[in-house]
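A.B. asks: Following this message is one structure expressed as structure tokens.
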Amino acid sequence: MRDVAVISVAQTPARRRVKEQNEVEMLMPAIHAALSQVDMTIDDIGFTCSGSTDYLAGVGFSFVSTLDGVGPWPPIQESHVEMDGAWALYEAWVKLQLGELDTALVYSYAKSSPGDLPMVLTRQLDPITVAPLWPDSVSLAALQARALIDAGKITEEQMCEVAVRSRRAALGNPNAQLAWDRPDAELLAEEHHIAPLRKSDCAPITDGAAAIVLAAGDAARDRVERPAWIRGIDHRVESIHLGHRDLTVSESTRIAAEKAGVADGTIDVAELHAPFSHQELILREALGLGPEVDVNPSGGALAANAMMTAGLIRIGEVANRISAGQAERGVAHATSGPCLQQNLVCVLEADPPRTGARSGRQDDPNARRNGAGGGD
């Protein structure tokens, strides 16, 4: 398996509403910044993959127009996933494994503000038995939180602690949308929004975009001093029928973490895509993260949650800390669907690999095998 690394990350500042720009105009600064950071142009990119959804834009094949932000002429190799950009990154990683090219650009974007996002997300539900009932995404998350509390697994106080820590951490993130330092007692005194969730337990509606540049082997080493190598990546999906799975655990995250090799070494930092405070607690358990791990130092999705983009940003945040020398090994997580239905786990490491890492250069006969999701 080839070594593949994140060598550049860029994102737009998260905002509640971007009125003055369309999706292309909002996206272009992130793409240009990601390329310029490593002194590249689109001509240096072998493959481009994007993540977005037409349901937010309200226009069929809306992602085609955003290619104008890339510059698709002369024709380029490109693809698109109707998912968070983290899944676009997975496709690009697979493409790089084929050995036909050495670089890839991944980007994602969303303007969630124009419509009623909780209701738009009902389109993710089973179209026969659930979607016609129009249960919004916040109400479904509240059902999940209630199941956790009733099972004695968490308390509202623990949910509050997650919300406070996340927004406090976001004070150091210039791209965050929500950042403040308030006491736990103040949050607990808030009225419930949809019980047992308070508004502080919920991610904000966000407009934003992000871009990441991937490179393989020496192409990465030639561009940056400290690449963030993808040592393992895997994604799993659970039943669309909420009654067919235990909402108090995330089995798909646990399996993806096992396949990606999360437990193969010490985790210094974790960025978890948890749009609701209780979901971080579920993910911590599924990933086997102890109290010593620095979780969501960026503030996570509770500080900014651009749809189709927040998962890709989690990978970028971990990569940035590794490239800056602030961490040696980290895990990033992305989710999609109701109540953590679909989950992706990505392990990133600094170079050289630690003992027990899951990858090595393709031309090294002693290289360790890269952990990747192949399915059972």
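In the structure tokens, each chain is lettered A, B, ... as it comes, each chain's residues begin at 1, and ligands are numbered from 1 in order of appearance.
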Using 12 Å as the limit and counting only C-alpha atoms, can you tabulate each residue of segment 141-202 of chain A that touches segment 225-249 of chain A, with its shortest atom-to-atom distance in Å and the two atoms involved, as a tab-separated table?
C.D. replies:
```
residue	atom	partner	partner_atom	distance
A:Ala141	CA	A:Leu247	CA	9.5
A:Ala142	CA	A:Leu247	CA	10.9
A:Leu143	CA	A:Leu247	CA	8.7
A:Gln144	CA	A:Leu247	CA	5.7
A:Ala145	CA	A:Thr248	CA	7.9
A:Arg146	CA	A:Thr248	CA	9.3
A:Ala147	CA	A:Thr248	CA	6.4
A:Leu148	CA	A:Thr248	CA	5.3
A:Ile149	CA	A:Thr248	CA	9.1
A:Asp150	CA	A:Thr248	CA	9.9
A:Ala151	CA	A:Thr248	CA	8.1
A:Gly152	CA	A:Thr248	CA	10.2
A:Lys153	CA	A:Thr248	CA	8.1
A:Ile154	CA	A:Thr248	CA	9.7
```
A.B. asks: Enumerate, as a VMD selection string, the complete set of residues in segment 143-249 of chain A that a backbone-based DSSP assignment places in alpha helix (DSSP H).
C.D. replies: chain A and resid 143 to 150 156 to 169 184 to 188 217 to 223
A.B. asks: Using DSSP on the backbone, list every residue of segment 184-279 of chain A that comes out as strand (DSSP E), and give them as a ChimeraX atom specification.
C.D. replies: /A:207-216,228-237,269-271
A.B. asks: Quick check, in Å to one decimal: how far apart do atom CA of Gly300 of chain A and atom CA of Ser36 of chain A lie?
C.D. replies: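 The value is 25.6 Å.
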A.B. asks: Fewer than 2 positions away in the same chain doesn't count, so skip those; otherwise give me all residues within 6 Å of segment 269-284 of chain A, counting only C-alpha atoms, as an MDAnalysis selection string.
C.D. replies: chainID A and resid 159 162:163 201:203 249 267 286:289 293:296 301:302 311 314 330:334
